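**Student:** Provided herewith is a single structure, encoded as structure tokens, for subsequent inquiry.
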Amino acid sequence: MTLARRLSQEEERRLLARLRAGDETALGELYDQVAPWILGLAYRILRDDDAAEEVVGDVFEHVWTRIGQHDPRRGPLIPWVLAIARHRALDLLRRQHRWERRAALAHPDPDDDGWVDPADGEASVPGWPVHEAVRAAVAALPDEQREVVRLAYFGGLSHSEIAAHTGTPLGTVKTRMRLAQRRLAEALQSLRDWVT
Amino acid sequence: MDWLGMAVRPRMPRPELKAAVLARAYAAGRRRAWWPLAAAAALVVALAAAGYAQWRVGVLRGERDRLAARAAALRDTLDFVRRPGSTVYHFPVVTAGKAGSITIFTDSQSRRWLVTCNGLTPNTPGEVYQIWFVTARGVRSALVMPMPDATPRIAAIGVPDAAVTGVMMTVEPDSGSTEPHGTVVFEQAL
């Protein structure tokens, strides 16, 4: 099994510069880097293959036509792309009036907790080391904090909705979210160093 | 939270998805690339239309003002004819063997004259026709009337305070004279 290396800072800078210059091959390279993650994220939110692929198309159209909106001072390219993917997926979820389903989706994914061995070829996906780091950081969160993060990030629920959904006071939800963000930031410090 | 999207397990896209996604993105990029040009073209067209409209409004305003001035002149001419104090004098004249006429509408209320000249021989270069008031205090210039062609002329002139007892027309040098020196076309007591 080949372990994929992650994109270095310099490579990302060069890729970004080429995207800004309208180099079409750069978009193809970005696709190779992040499409599996976008598709995974969109599928995690929507649970629908066709809709998830639609999100992938939306994301790359957005990136290609609005790459000028990305500000490198505010963060690296890949998280920006992932944020677009998450917002598109949640927007699609809302447009499709899948509120009931959204609540149902907010239940834990079997893969969300604990370590899962990579499936065949999965570890060769570019960015797999980052995935491992992020996954480990999330898994290390206390259950109640991980639950809040999961509902907010993948379910798109507001703090109030999370409070209502879990039967927890709103203040507690906010505190858990704040603590989780702090823990994740600490756990992913090395990633931050890498990406900034 | 920026990297949380990568906490999810990746899903390998169908091989054919890449071409479709990239083609869609490139097409959108090309459409987007045309927007500034289309917007610029629309702006140019709008500015040109606005410029043309402004020019056209200016032309129409000028035309309106010209017609209004002409209507006022015609109204003034009619007033000469129909006022109770109007008197009409008609003088047949002969210039260079050609028969013509001078018609004067006098208005005692507004103290103005309307003078029309028809059939006069056009002036030779350097000469003009000049009309004079004959008053108890002497002769005073009433109007310098160049006639470079045979087109009939019409003009309104103010009457001096002194009682006008007669009228005359002479041929004078180009800019007119202070006293009549040239050939007398006609002289008539009123």
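Labeling convention for the structure tokens: chains A, B, ... as they appear, residues from 1 per chain, ligands from 1 in order of appearance.
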Would you please extract all helix (DSSP H, G or I) residues from segment 3-196 of chain A, as assigned by DSSP on the backbone, and give them as an MDAnalysis selection string?

**Tutor:** chainID A and resid 9:20 24:46 49:65 67:69 72:74 77:95 99:105 122:124 128:139 143:153 159:166 170:187 189:195

**Student:** Please report as a tab-separated table every residue of chain B lying within 10 Å of chain A, along with the nearest atom pair and their distance in Å (one decimal), using only C-alpha atoms.

**Tutor:**
residue	atom	partner	partner_atom	distance
B:Met1	CA	A:Gln181	CA	6.8
B:Asp2	CA	A:Pro79	CA	5.2
B:Trp3	CA	A:Pro79	CA	5.5
B:Leu4	CA	A:Val134	CA	6.5
B:Gly5	CA	A:Leu41	CA	5.9
B:Met6	CA	A:His131	CA	5.1
B:Ala7	CA	A:Arg135	CA	4.6
B:Val8	CA	A:Leu41	CA	5.9
B:Arg9	CA	A:Gly40	CA	5.9
B:Pro10	CA	A:Gly40	CA	4.6
B:Arg11	CA	A:Gly40	CA	4.8
B:Met12	CA	A:Pro36	CA	5.0
B:Pro13	CA	A:Pro36	CA	6.1
B:Arg14	CA	A:Glu53	CA	9.3
B:Leu17	CA	A:Glu53	CA	7.9
B:Lys18	CA	A:Tyr31	CA	7.4
B:Ala19	CA	A:Gly28	CA	8.8
B:Ala20	CA	A:Gly57	CA	8.0
B:Val21	CA	A:Gly57	CA	4.9
B:Leu22	CA	A:Gly28	CA	7.0
B:Ala23	CA	A:Glu61	CA	9.2
B:Arg24	CA	A:Glu61	CA	6.7
B:Ala25	CA	A:Glu61	CA	4.1
B:Tyr26	CA	A:Trp64	CA	7.4
B:Ala27	CA	A:Glu61	CA	8.7
B:Ala28	CA	A:Glu61	CA	6.5
B:Gly29	CA	A:Thr65	CA	5.2
B:Arg30	CA	A:Thr65	CA	8.8
B:Arg31	CA	A:Thr65	CA	9.4
B:Arg32	CA	A:Thr65	CA	7.0
B:Ala33	CA	A:Thr65	CA	8.7

**Student:** So that I have them on file, write out the residues from the current selection with N, CA, C and O atoms, as a tab-separated table (two decimals), in the first residue's frame.

**Tutor:**
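Contents of the output file out_35.tsv:
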chain	number	residue	atom	x	y	z
B	1	MET	N	-11.47	24.39	13.45
B	1	MET	CA	-12.57	23.67	12.80
B	1	MET	C	-12.36	23.57	11.29
B	1	MET	O	-13.08	22.86	10.61
B	2	ASP	N	-11.38	24.33	10.78
B	2	ASP	CA	-11.22	24.39	9.33
B	2	ASP	C	-10.92	23.03	8.70
B	2	ASP	O	-11.29	22.78	7.57
B	3	TRP	N	-10.22	22.20	9.47
B	3	TRP	CA	-9.80	20.93	8.89
B	3	TRP	C	-10.77	19.79	9.20
B	3	TRP	O	-10.51	18.65	8.83
B	4	LEU	N	-11.87	20.08	9.89
B	4	LEU	CA	-12.76	18.99	10.32
B	4	LEU	C	-13.32	18.19	9.15
B	4	LEU	O	-13.65	17.02	9.30
B	5	GLY	N	-13.42	18.86	7.99
B	5	GLY	CA	-13.93	18.15	6.83
B	5	GLY	C	-13.10	16.93	6.50
B	5	GLY	O	-13.59	15.97	5.89
B	6	MET	N	-11.83	16.95	6.92
B	6	MET	CA	-10.97	15.80	6.62
B	6	MET	C	-11.02	14.73	7.70
B	6	MET	O	-10.28	13.75	7.64
B	7	ALA	N	-11.90	14.93	8.67
B	7	ALA	CA	-12.11	13.87	9.65
B	7	ALA	C	-12.96	12.75	9.05
B	7	ALA	O	-12.98	11.62	9.54
B	8	VAL	N	-13.66	13.10	7.99
B	8	VAL	CA	-14.54	12.14	7.33
B	8	VAL	C	-13.71	11.24	6.42
B	8	VAL	O	-12.72	11.68	5.83
B	9	ARG	N	-14.10	10.01	6.31
B	9	ARG	CA	-13.37	9.10	5.42
B	9	ARG	C	-13.55	9.53	3.98
B	9	ARG	O	-14.65	9.93	3.57
B	10	PRO	N	-12.50	9.48	3.20
B	10	PRO	CA	-12.62	9.90	1.79
B	10	PRO	C	-13.45	8.91	1.00
B	10	PRO	O	-13.57	7.74	1.38
B	11	ARG	N	-14.02	9.40	-0.08
B	11	ARG	CA	-14.76	8.52	-1.01
B	11	ARG	C	-14.16	8.74	-2.39
B	11	ARG	O	-14.10	9.88	-2.87
B	12	MET	N	-13.72	7.69	-2.97
B	12	MET	CA	-13.09	7.82	-4.28
B	12	MET	C	-14.16	8.13	-5.33
B	12	MET	O	-15.12	7.36	-5.48
B	13	PRO	N	-14.02	9.22	-6.04
B	13	PRO	CA	-15.03	9.57	-7.06
B	13	PRO	C	-14.99	8.58	-8.22
B	13	PRO	O	-13.96	7.97	-8.48
B	14	ARG	N	-16.11	8.46	-8.90
B	14	ARG	CA	-16.13	7.67	-10.13
B	14	ARG	C	-15.11	8.28	-11.09
B	14	ARG	O	-14.98	9.51	-11.15
B	17	LEU	N	-16.15	11.15	-13.24
B	17	LEU	CA	-16.65	12.37	-12.60
B	17	LEU	C	-15.68	13.54	-12.81
B	17	LEU	O	-16.10	14.68	-12.97
B	18	LYS	N	-14.39	13.23	-12.80
B	18	LYS	CA	-13.40	14.31	-12.90
B	18	LYS	C	-13.59	15.13	-14.17
B	18	LYS	O	-13.64	16.37	-14.12
B	19	ALA	N	-13.73	14.44	-15.29
B	19	ALA	CA	-13.88	15.17	-16.56
B	19	ALA	C	-15.14	16.02	-16.54
B	19	ALA	O	-15.14	17.18	-17.00
B	20	ALA	N	-16.23	15.47	-15.99
B	20	ALA	CA	-17.49	16.22	-15.96
B	20	ALA	C	-17.37	17.45	-15.06
B	20	ALA	O	-17.82	18.55	-15.42
B	21	VAL	N	-16.75	17.25	-13.90
B	21	VAL	CA	-16.63	18.36	-12.95
B	21	VAL	C	-15.75	19.47	-13.53
B	21	VAL	O	-16.08	20.66	-13.46
B	22	LEU	N	-14.62	19.08	-14.11
B	22	LEU	CA	-13.71	20.09	-14.65
B	22	LEU	C	-14.33	20.80	-15.85
B	22	LEU	O	-14.20	22.03	-15.99
B	23	ALA	N	-15.03	20.04	-16.70
B	23	ALA	CA	-15.67	20.68	-17.86
B	23	ALA	C	-16.70	21.70	-17.40
B	23	ALA	O	-16.80	22.80	-17.95
B	24	ARG	N	-17.44	21.34	-16.37
B	24	ARG	CA	-18.45	22.28	-15.84
B	24	ARG	C	-17.78	23.54	-15.30
B	24	ARG	O	-18.23	24.66	-15.54
B	25	ALA	N	-16.68	23.35	-14.57
B	25	ALA	CA	-15.98	24.49	-13.98
B	25	ALA	C	-15.40	25.39	-15.08
B	25	ALA	O	-15.53	26.62	-15.03
B	26	TYR	N	-14.77	24.77	-16.08
B	26	TYR	CA	-14.17	25.57	-17.16
B	26	TYR	C	-15.26	26.36	-17.90
B	26	TYR	O	-15.07	27.52	-18.25
B	27	ALA	N	-16.39	25.69	-18.15
B	27	ALA	CA	-17.49	26.37	-18.86
B	27	ALA	C	-17.98	27.57	-18.05
B	27	ALA	O	-18.21	28.66	-18.59
B	28	ALA	N	-18.10	27.36	-16.74
B	28	ALA	CA	-18.53	28.48	-15.89
B	28	ALA	C	-17.50	29.59	-15.91
B	28	ALA	O	-17.85	30.78	-15.91
B	29	GLY	N	-16.22	29.21	-15.92
B	29	GLY	CA	-15.16	30.21	-15.97
B	29	GLY	C	-15.21	31.01	-17.25
B	29	GLY	O	-15.02	32.22	-17.24
B	30	ARG	N	-15.48	30.32	-18.36
B	30	ARG	CA	-15.55	31.04	-19.63
B	30	ARG	C	-16.75	31.99	-19.64
B	30	ARG	O	-16.66	33.11	-20.12
B	31	ARG	N	-17.88	31.50	-19.09
B	31	ARG	CA	-19.06	32.39	-19.03
B	31	ARG	C	-18.74	33.61	-18.18
B	31	ARG	O	-19.05	34.73	-18.52
B	32	ARG	N	-18.07	33.34	-17.06
B	32	ARG	CA	-17.75	34.43	-16.14
B	32	ARG	C	-16.75	35.40	-16.76
B	32	ARG	O	-16.81	36.61	-16.52
B	33	ALA	N	-15.86	34.85	-17.60
B	33	ALA	CA	-14.86	35.71	-18.23
B	33	ALA	C	-15.52	36.69	-19.19
B	33	ALA	O	-14.99	37.77	-19.44

**Student:** Atom CA of Pro173 of chain B and atom CA of Gln130 of chain B are how many Å apart?

**Tutor:**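 Between atom CA of Pro173 of chain B and atom CA of Gln130 of chain B the gap works out to 9.3 Å.
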
**Student:** Quick one: pull the distance between atom CA of Leu190 of chain B and atom CA of Val81 of chain B, Å, one decimal.

**Tutor:** 17.9 Å

**Student:** Write out as CSV the residues of segment 15-100 of chain B that have any atom within 12 Å of an atom of segment 175-186 of chain B, one row each with the nearest atom pair and its distance in Å to one decimal, counting only C-alpha atoms, sorted by chain and then rising number.

**Tutor:**
residue,atom,partner,partner_atom,distance
B:His90,CA,B:Phe186,CA,11.5
B:Phe91,CA,B:Phe186,CA,8.0
B:Pro92,CA,B:Phe186,CA,8.6
B:Val93,CA,B:Phe186,CA,6.6
B:Val94,CA,B:Val185,CA,7.3
B:Thr95,CA,B:Val185,CA,6.9
B:Ala96,CA,B:Val185,CA,9.8
B:Gly97,CA,B:Val185,CA,11.3
B:Lys98,CA,B:Val185,CA,11.5
B:Ala99,CA,B:Val185,CA,11.3
B:Gly100,CA,B:Val185,CA,10.6

**Student:** By how many Å are atom CA of Thr77 of chain B and atom CA of Leu114 of chain B apart?

**Tutor:** 7.4 Å
